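What follows is a short report on a single structure.
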Amino acid sequence: MYVRKNGHEYKQALDSLVQKLEVRRYSSSTVTTYRYMFREFLKYVYPMPLHKVSKDDILFFQQMLVKRGVSGSYQNQSINALKFYLEQVLGHDRELYELERPVKERKLPTVLSQEEVSSVLAHINNLKHRAIIMTIYSCGLRISELLNLQIRDIDSDRMEIFIRGGKGKKDRLTLLSPHLLELLRVYFRAYRPSEYLFEGQKGGRYSSSSIRKILDRAIARAGIRKHVVTHTLRHSFGTHLLENGTNLRYIQVLMGHESPKTTEIYTHVAQSDIHKIASPLDHLADKGYI
């Protein structure tokens, strides 16, 4: 891409960004995202020398993204990437580059009912595949957390699973279901993984794309029309805990949420209390007014 004027400077900037992210031990997905977002900005300002880039250039770029119709999440990631380069790589003052953030979209998560989860599991015949999907749902895991699970992280004595370096590089504990433990023992005897709980055919971590395919097939076989991704299982875990009477604070801890506000979104999709509420129309009917 950058083979003409200022090409070396742009390449060096990209390399410096990636190097700093890796030194700070950011996840590979964050490194990829930030590199892409920063590269998009470099395309926008090309062939301007980077030392001449101003805050106005950054604001104009963000305005261009808005006109392009990108999501709020996309724009936030773009801002984060630019701020990381300016503040962490170049060492600029943070206050000089505080940009106005887009209003965060508040969409309710897609959630499967408990009956739908049961149907999904019933349509997975392969032992390893069933163990993978059941572990994600049973423990409320992100897909990256599932892929990084090691055999030593399963504590059958305390009935806990240790999650290493979850979102924000934070460790946490989540619960180990007796039913899941029973299935994992059968799985372990059959597959004998060496390090990671779930490994590919040639060893090493299992692939995220394979997990998505497993879930997609099961959803199709179960006849579920909702848009379901692996993270839907995590949302379903939190919602079902709430519906079964678990305190929000405990759910927050189990899921590794930084803020209780993140966990509170499940109050909007949980059905246990909603079903107890009668519509005002029903009250009118009960009184014979309609």
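In the structure tokens, chains take the letters A, B, ... in the order shown, each chain's residues start at 1, and ligands count up from 1 in the order shown.
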What residues in segment 115-272 of chain A get the DSSP label strand (DSSP E or B)? Please answer as a list in words.
Gln150, Ile154, Asp155, Glu160, Ile161, Phe162, Ile163, Arg172, Leu173, Thr174, Leu175, Tyr196, Glu199 and Arg205 of chain A
Print the selection's residues with C-alpha atoms to a file, as a PDB file, in the first residue's frame.
```pdb
ATOM      1  CA  GLN A 150      -6.423 -25.617  30.208  1.00  0.00           C
ATOM      2  CA  ILE A 154     -10.862 -27.501  36.027  1.00  0.00           C
ATOM      3  CA  ASP A 155     -11.058 -27.874  39.809  1.00  0.00           C
ATOM      4  CA  GLU A 160     -14.841 -24.266  40.078  1.00  0.00           C
ATOM      5  CA  ILE A 161     -13.311 -23.337  36.748  1.00  0.00           C
ATOM      6  CA  PHE A 162     -10.429 -20.873  36.716  1.00  0.00           C
ATOM      7  CA  ILE A 163     -10.619 -18.375  33.846  1.00  0.00           C
ATOM      8  CA  ARG A 172     -11.823 -15.001  37.678  1.00  0.00           C
ATOM      9  CA  LEU A 173     -13.603 -18.094  38.918  1.00  0.00           C
ATOM     10  CA  THR A 174     -16.842 -19.470  37.571  1.00  0.00           C
ATOM     11  CA  LEU A 175     -18.945 -22.395  38.645  1.00  0.00           C
ATOM     12  CA  TYR A 196      -5.785 -27.238  26.523  1.00  0.00           C
ATOM     13  CA  GLU A 199      -7.589 -29.089  21.242  1.00  0.00           C
ATOM     14  CA  ARG A 205      -5.982 -24.566  20.792  1.00  0.00           C
TER      15      ARG A 205
END
```
Residues within 12 Å of Ser210 of chain A, please, as a list in words. Count only C-alpha atoms; anything in the same chain fewer than 2 positions from it doesn't count.
Lys128, His129, Ile132, Ile133, Ile143, Leu147, Phe198, Glu199, Gly200, Gln201, Arg205, Tyr206, Ser207, Ser208, Arg212, Lys213, Ile214, Leu215, Asp216, Arg217 and Thr230 of chain A
Would you mind reading off the distance between atom CA of Ile58 of chain A and atom CA of Leu86 of chain A, one decimal, in Å?
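Taking atom CA of Ile58 of chain A and atom CA of Leu86 of chain A, their separation equals 10.9 Å.
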What does the distance from atom CA of Asp57 of chain A to atom CA of Val45 of chain A come to in Å, to one decimal?
7.6 Å
Residue set, segment 230-264 of chain A restricted to alpha helix (DSSP H), as an NGL selection string:
:A and (230-243 or 248-255 or 260-263)
Within 9 Å of Ser78 of chain A, counting only C-alpha atoms, which residues qualify if same-chain residues fewer than 5 places away don't, as a PyMOL selection string?
chain A and resi 33-34+36-38+40-41+62+73+83
Between atom CA of Pro178 of chain A and atom CA of Met159 of chain A, what is the distance in Å, rounded to a tenth?
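Answer for the atom CA of Pro178 of chain A to atom CA of Met159 of chain A separation: 7.7 Å.
Each of A:Ala190, A:Asp15, A:Thr30, A:Gln114 was checked against Tyr137 of chain A using only C-alpha atoms; the smallest atom-to-atom distance is that of A:Gln114.
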